[in-house]
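Colleague: Provided herewith is a single structure, encoded as structure tokens, for subsequent inquiry.
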Amino acid sequence: MTSTQNLRPAVAFAIVMIMLLIPTARIAVIISQTDYQDAAAAQSVYTVKIGTERGTFYDRNMLPITNCDVRYVGTAAYYSDPAALSSAIYETAMEPTAALEAARLGKPFIFNALKEYYADGILSFPVFVRYSGYAAHLIGYPASSEESGYTGLEAAFSDVLDKYSGEITVSYTVDAKAHNLAGFSPEITDTTYKASGGIVLTLDRRLQDFAQQQLEGVSGAVVVLSSDGDILAAASSPSFDQNDIAASLDDQDSPFVNRVLSAYNVGSVFKTVVTTAALELGIPVSRTYECKGQIDINGVVIRCSRRSGHGVLDMKGALINSCNPYFIDLALEIGAEKLLETARLMGFGQPIELADGVASSAGNLPTEEDLIPPAAIGNLAIGQGTLLATPLQIAAAVNCVATGGIYVTPRLVLGERDENGMFIRYDDDGGERMHRAMSERSASLLLENMAAVFTDGSVSEYQPDSFPAAGKTSTAQTGIIAQDGHSVLQAWIGGVFPAANPEYTVVVFVEDGTSGSASCGPIFKSVCDFIADTLM
């Protein structure tokens, strides 16, 4: 091998090394320059979260029940106009002067704005206020700061609502001290369009709002069902601010109790069940009994509301006058077994599940063993004793009159709406929600008798202006003595509307009322007339 041939590998190696050393040297020069080092260190991203929005609850007409109202949230950074910023800021975690100083230094921050506002270095965005007060007890609220999650329907459909959650963020290019760098526009990311998806309920927002207004200053509940069992309104009072739970924690009026789903003494509304049981046994409406103002059941005396007695009454007259002795005597003829069977078919003693973790109390329906003493049957006949039921249970029972004798389990959830507005109906179990509670003939006769209560009974002055109603009132004893010494009574009206062709069932309950007519009548009348004006 010649010397020239020996040099060729060495020359090639030298050329490769030179080619590698040139970029390496250039990199070393760049690294040694402090300006480049400072620039690299200075450029990073600082992100502020303007707001997070959860999926929406809608009513049956696709009107939002949550995410109805908006507020404005702003963000400010370097070059912000101090005068503009002062007029834009509504509330901030910092004092206004400190906020202005932060803006002067160029550190981005967020604040509550008075309105949608844009100026040099200032951005603002509309974000939803989660709650507007519609159906607060059903919708629920975020759990306390010591816990996580939600209550009510918020908890039951948490996965669905989270799926439709979105947020607004603003990202700034900042230096090492988190000061905004001039010449870089903030990057805005907005996925809140997803929050248009959510859960569709059976409620009618207009009717729900009206029912809530009618209960202002009252402890009680209003329930409205369509004849097919959809819950159109479920108002409980007093209520609370879902956006400020702490404000109601020490309220002595128990605003967090959902009175729609809580069990109370029933009273004379139960006489509709006794009437149904009698009709199902073939006992005619013409059956008479002479009321002398009281009835003696093996030494236990139960008095009538009219101490002088009602005289001779038939079944319709007994319902109109809510005669205790008549219905006690009728219940003793019917017997405990048939009475309890009819009550169970009409939904007494059973919880009503509306969603996972959202259900009515089962209340309390006595057993046959409880009714061995005849006096116990007498107490049950007039809705007293240990009988307890919820306003929702009473509504479901009374609704049997509107359906021609079919019991329909109340329903609250219709389905889901996606972010594109497509409705996905949930399976409502079809026929499993329904069973026959009484014959069509019994339902028709009961409806006729209940209509007479509104034409000839004590509640006649609260007959709706739009169409006649049919129903029954209650003034139930509780055995509770209030601090001022008066006996606490629970007042009820359970009825259907219009009487001629029932489409709606309306139940009004007032805690510690004076009577079913006086305490519930005005609310019942107003709700029925609102239904006629708005829904019919």
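Residue numbers start at 1 in each chain; chains themselves are named A, B, ... in the order of the structure tokens; ligands are numbered from 1 in the order shown.
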If DSSP is run on the backbone, what residues of region 234-382 of chain A are helix (DSSP H, G or I)? A reply as a ChimeraX atom specification would be ideal.

Modeller: /A:245-248,267-280,315-321,324-334,336-345,374-381

Colleague: May I have the selected residues written with C-alpha atoms, as an mmCIF file, in the first residue's frame?

Modeller:
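Once written, out25.cif looks like this:
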data_model
loop_
_atom_site.group_PDB
_atom_site.id
_atom_site.type_symbol
_atom_site.label_atom_id
_atom_site.label_comp_id
_atom_site.auth_asym_id
_atom_site.auth_seq_id
_atom_site.Cartn_x
_atom_site.Cartn_y
_atom_site.Cartn_z
ATOM 1 C CA ILE A 245 -75.649 27.384 50.831
ATOM 2 C CA ALA A 246 -73.990 28.724 53.983
ATOM 3 C CA ALA A 247 -76.559 31.512 54.275
ATOM 4 C CA SER A 248 -79.339 28.994 55.069
ATOM 5 C CA GLY A 267 -106.287 13.526 57.053
ATOM 6 C CA SER A 268 -109.477 13.486 54.999
ATOM 7 C CA VAL A 269 -107.867 13.217 51.551
ATOM 8 C CA PHE A 270 -107.668 9.519 52.445
ATOM 9 C CA LYS A 271 -111.463 9.379 52.310
ATOM 10 C CA THR A 272 -111.085 9.123 48.530
ATOM 11 C CA VAL A 273 -109.329 5.789 49.127
ATOM 12 C CA VAL A 274 -112.157 4.596 51.380
ATOM 13 C CA THR A 275 -114.667 5.630 48.702
ATOM 14 C CA THR A 276 -112.695 3.716 46.071
ATOM 15 C CA ALA A 277 -112.547 0.556 48.181
ATOM 16 C CA ALA A 278 -116.312 0.738 48.751
ATOM 17 C CA LEU A 279 -117.069 1.222 45.050
ATOM 18 C CA GLU A 280 -114.764 -1.665 44.140
ATOM 19 C CA MET A 315 -121.660 8.660 49.924
ATOM 20 C CA LYS A 316 -121.509 11.844 47.872
ATOM 21 C CA GLY A 317 -122.932 13.945 50.685
ATOM 22 C CA ALA A 318 -120.451 12.411 53.117
ATOM 23 C CA LEU A 319 -117.518 13.377 50.870
ATOM 24 C CA ILE A 320 -118.885 16.906 50.369
ATOM 25 C CA ASN A 321 -119.233 17.388 54.139
ATOM 26 C CA ASN A 324 -116.026 11.353 59.857
ATOM 27 C CA PRO A 325 -118.715 9.015 61.267
ATOM 28 C CA TYR A 326 -119.944 8.107 57.776
ATOM 29 C CA PHE A 327 -116.501 7.079 56.533
ATOM 30 C CA ILE A 328 -115.612 5.270 59.742
ATOM 31 C CA ASP A 329 -118.812 3.231 59.499
ATOM 32 C CA LEU A 330 -118.103 2.618 55.787
ATOM 33 C CA ALA A 331 -114.516 1.498 56.501
ATOM 34 C CA LEU A 332 -115.698 -0.955 59.164
ATOM 35 C CA GLU A 333 -118.036 -2.459 56.562
ATOM 36 C CA ILE A 334 -115.211 -2.647 53.988
ATOM 37 C CA ALA A 336 -108.989 -3.825 56.876
ATOM 38 C CA GLU A 337 -107.865 -6.195 54.116
ATOM 39 C CA LYS A 338 -109.705 -4.461 51.264
ATOM 40 C CA LEU A 339 -108.922 -1.009 52.623
ATOM 41 C CA LEU A 340 -105.179 -1.703 52.732
ATOM 42 C CA GLU A 341 -105.192 -3.440 49.337
ATOM 43 C CA THR A 342 -106.806 -0.375 47.730
ATOM 44 C CA ALA A 343 -104.366 1.992 49.480
ATOM 45 C CA ARG A 344 -101.375 -0.017 48.240
ATOM 46 C CA LEU A 345 -102.724 -0.065 44.680
ATOM 47 C CA PRO A 374 -111.754 -1.594 65.118
ATOM 48 C CA ALA A 375 -110.850 1.888 66.379
ATOM 49 C CA ALA A 376 -107.609 1.681 64.367
ATOM 50 C CA ILE A 377 -109.670 1.107 61.202
ATOM 51 C CA GLY A 378 -111.734 4.118 62.191
ATOM 52 C CA ASN A 379 -108.633 6.290 62.516
ATOM 53 C CA LEU A 380 -107.321 5.126 59.137
ATOM 54 C CA ALA A 381 -110.702 5.820 57.504
#

Colleague: When distances are computed from only C-alpha atoms, which of A:Ala396, A:Val301, A:Leu388, A:Ile531 shows the smallest separation from Arg433 (chain A)?

Modeller: A:Ala396

Colleague: Between CA of Ile406 (chain A) and CA of Leu447 (chain A), measure the distance and give it in Å to one decimal.

Modeller: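 Going from CA of Ile406 (chain A) over to CA of Leu447 (chain A), I get 13.4 Å.
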
Colleague: Could you pull out the strand (DSSP E or B) residues of region 75-255 of chain A, going by DSSP on the backbone, and write them as a PyMOL selection string?

Modeller: chain A and resi 75-76+89-91+109-113+119+122-131+142+150+166-174+180+187-190+198-201+220-226+230-237

Colleague: Determine the nearest neighbour of Ser460 (chain A) from the options A:Trp492, A:Phe256, A:Phe524, A:Phe157, counting only C-alpha atoms.

Modeller: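 Closest to Ser460 (chain A), using only C-alpha atoms: A:Phe524.
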
Colleague: Please provide the set of residues having any atom within 8 Å of Leu225 (chain A), restricted to only C-alpha atoms, with same-chain residues fewer than 3 positions apart removed, written as a ChimeraX atom specification.

Modeller: /A:228-233,395-396,399,410,504-506

Colleague: Suppose you want the space between CA of Asp314 (chain A) and CA of Ile283 (chain A); what is it in Å?

Modeller: 11.2 Å

Colleague: Go through A:Ala499, A:Leu354, A:Val222, A:Arg206 one by one, measure the shortest atom-to-atom distance of each to Phe530 (chain A) using only C-alpha atoms, and give the residue with the smallest value.

Modeller: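 Using only C-alpha atoms, the shortest distance to Phe530 (chain A) belongs to A:Arg206.
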
Colleague: So that each row is one residue of region 153-183 of chain A with an atom at most 10 Å from region 113-137 of chain A, can you give its shortest atom pair and the distance in Å to one decimal, using only C-alpha atoms, rows by chain and rising number, as a Markdown table?

Modeller:
| residue | atom | partner | partner_atom | distance |
| --- | --- | --- | --- | --- |
| A:Leu153 | CA | A:His137 | CA | 9.1 |
| A:Glu167 | CA | A:Val127 | CA | 9.3 |
| A:Ile168 | CA | A:Phe125 | CA | 8.5 |
| A:Val170 | CA | A:Leu123 | CA | 9.2 |
| A:Asn180 | CA | A:Gly121 | CA | 9.9 |
| A:Ala182 | CA | A:Gly121 | CA | 10.0 |

Colleague: So that I can check the surroundings of Ala476 (chain A), please list as a ChimeraX atom specification every protein, DNA and RNA residue that reaches within 12 Å of it, counting only C-alpha atoms and ignoring chain neighbours fewer than 6 positions away.

Modeller: /A:264-270,305,379-380,382-389,487-493,509-516

Colleague: Which residues are near Val200 (chain A)? Cut-off 8 Å, only C-alpha atoms, ignore same chain within fewer than 6 positions. Put them as a compact mmCIF listing (two decimals) with N, CA and C atoms, in the first residue's frame.

Modeller:
# COMPACT_ATOMS: atom_id res chain seq x y z
N PHE A 57 -79.45 21.49 33.03
CA PHE A 57 -80.76 20.87 33.20
C PHE A 57 -81.78 21.68 32.42
N TYR A 58 -82.63 20.99 31.67
CA TYR A 58 -83.67 21.64 30.88
C TYR A 58 -85.05 21.19 31.35
N ASP A 59 -86.06 22.03 31.09
CA ASP A 59 -87.43 21.60 31.31
C ASP A 59 -87.94 20.89 30.06
N ARG A 60 -89.18 20.48 30.07
CA ARG A 60 -89.75 19.70 28.97
C ARG A 60 -89.82 20.49 27.66
N MET A 62 -87.40 22.54 26.71
CA MET A 62 -86.00 22.86 26.44
C MET A 62 -85.62 24.27 26.92
N VAL A 413 -87.62 12.52 34.82
CA VAL A 413 -86.55 12.63 33.83
C VAL A 413 -87.03 12.10 32.48
N LEU A 414 -86.89 12.94 31.44
CA LEU A 414 -87.29 12.53 30.09
C LEU A 414 -86.12 11.96 29.30
N GLY A 415 -84.94 12.56 29.43
CA GLY A 415 -83.82 12.08 28.65
C GLY A 415 -82.65 13.03 28.68
N GLU A 416 -81.90 13.02 27.61
CA GLU A 416 -80.63 13.76 27.52
C GLU A 416 -80.61 14.59 26.24
N ARG A 417 -80.00 15.73 26.31
CA ARG A 417 -79.78 16.58 25.13
C ARG A 417 -78.28 16.72 24.95

Colleague: As an exercise, work out the distance from CA of Phe467 (chain A) to CA of Ala500 (chain A) in Å and give it to one decimal place.

Modeller: 8.6 Å

Colleague: Can you pull out the residues contacting region 188-192 of chain A? Cut-off 12 Å, using only C-alpha atoms, and skip same-chain residues under 3 positions away; I want them as number ranges by chain.

Modeller: A: 46-56, 67, 75, 123-128, 162-172, 185, 195-197, 419

Colleague: For the selection just defined, write its residues with N, CA and C atoms to a file, as a compact mmCIF listing (two decimals), in the first residue's frame.

Modeller:
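Final output, result.txt:
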# COMPACT_ATOMS: atom_id res chain seq x y z
N TYR A 46 -48.54 31.63 31.10
CA TYR A 46 -49.30 31.77 32.35
C TYR A 46 -50.78 31.76 31.98
N THR A 47 -51.50 30.76 32.51
CA THR A 47 -52.92 30.57 32.13
C THR A 47 -53.83 30.90 33.30
N VAL A 48 -54.86 31.69 33.02
CA VAL A 48 -55.90 31.98 34.02
C VAL A 48 -57.19 31.33 33.55
N LYS A 49 -57.91 30.74 34.51
CA LYS A 49 -59.20 30.10 34.20
C LYS A 49 -60.32 31.10 34.48
N ILE A 50 -61.06 31.43 33.44
CA ILE A 50 -62.15 32.39 33.58
C ILE A 50 -63.37 31.74 34.23
N GLY A 51 -63.67 30.53 33.84
CA GLY A 51 -64.83 29.85 34.42
C GLY A 51 -65.01 28.46 33.86
N THR A 52 -65.66 27.61 34.65
CA THR A 52 -66.02 26.26 34.22
C THR A 52 -67.53 26.15 34.25
N GLU A 53 -68.10 25.59 33.19
CA GLU A 53 -69.55 25.46 33.10
C GLU A 53 -69.93 24.00 32.94
N ARG A 54 -70.88 23.57 33.79
CA ARG A 54 -71.33 22.18 33.80
C ARG A 54 -72.54 22.02 32.87
N GLY A 55 -72.78 20.77 32.45
CA GLY A 55 -73.95 20.50 31.62
C GLY A 55 -75.22 21.06 32.23
N THR A 56 -76.23 21.31 31.40
CA THR A 56 -77.43 22.05 31.77
C THR A 56 -78.60 21.12 32.05
N ASN A 67 -77.97 27.25 34.49
CA ASN A 67 -77.25 28.02 33.45
C ASN A 67 -78.19 28.97 32.70
N THR A 75 -60.30 39.59 32.69
CA THR A 75 -58.89 39.36 32.97
C THR A 75 -58.11 40.55 32.43
N LEU A 123 -59.84 41.92 28.92
CA LEU A 123 -60.80 41.05 28.25
C LEU A 123 -61.88 40.68 29.26
N SER A 124 -63.12 40.54 28.80
CA SER A 124 -64.16 40.02 29.69
C SER A 124 -65.04 39.04 28.93
N PHE A 125 -65.64 38.13 29.68
CA PHE A 125 -66.40 37.04 29.07
C PHE A 125 -67.69 36.80 29.85
N PRO A 126 -68.80 36.54 29.16
CA PRO A 126 -70.01 36.12 29.87
C PRO A 126 -69.88 34.66 30.29
N VAL A 127 -70.17 34.38 31.55
CA VAL A 127 -70.17 33.00 32.05
C VAL A 127 -71.49 32.77 32.77
N PHE A 128 -71.97 31.53 32.76
CA PHE A 128 -73.26 31.22 33.37
C PHE A 128 -73.19 31.28 34.89
N ASP A 162 -70.91 16.14 33.73
CA ASP A 162 -69.47 16.34 33.56
C ASP A 162 -69.05 16.12 32.11
N LYS A 163 -69.70 15.20 31.45
CA LYS A 163 -69.40 14.94 30.03
C LYS A 163 -69.63 16.18 29.19
N TYR A 164 -70.61 16.98 29.59
CA TYR A 164 -70.93 18.19 28.83
C TYR A 164 -70.33 19.45 29.44
N SER A 165 -69.33 19.29 30.28
CA SER A 165 -68.70 20.47 30.89
C SER A 165 -67.69 21.10 29.93
N GLY A 166 -67.51 22.40 30.09
CA GLY A 166 -66.51 23.13 29.29
C GLY A 166 -65.94 24.26 30.12
N GLU A 167 -64.90 24.92 29.60
CA GLU A 167 -64.28 26.02 30.34
C GLU A 167 -63.71 27.06 29.40
N ILE A 168 -63.46 28.24 29.95
CA ILE A 168 -62.79 29.32 29.24
C ILE A 168 -61.46 29.59 29.95
N THR A 169 -60.37 29.57 29.19
CA THR A 169 -59.06 29.93 29.74
C THR A 169 -58.40 30.97 28.84
N VAL A 170 -57.54 31.79 29.44
CA VAL A 170 -56.75 32.76 28.70
C VAL A 170 -55.29 32.53 29.06
N SER A 171 -54.46 32.31 28.05
CA SER A 171 -53.04 32.03 28.26
C SER A 171 -52.21 33.22 27.80
N TYR A 172 -51.34 33.70 28.68
CA TYR A 172 -50.47 34.84 28.40
C TYR A 172 -49.03 34.35 28.26
N SER A 185 -50.07 38.39 21.91
CA SER A 185 -51.51 38.37 22.13
C SER A 185 -51.89 37.17 23.00
N ALA A 195 -71.51 22.85 27.30
CA ALA A 195 -72.46 22.92 28.40
C ALA A 195 -73.90 23.04 27.93
N SER A 196 -74.13 23.21 26.63
CA SER A 196 -75.50 23.21 26.12
C SER A 196 -76.10 21.81 26.16
N GLY A 197 -75.27 20.80 26.35
CA GLY A 197 -75.77 19.44 26.56
C GLY A 197 -76.16 19.24 28.01
N GLU A 419 -74.72 18.37 22.95
CA GLU A 419 -74.31 19.74 22.71
C GLU A 419 -74.76 20.28 21.37
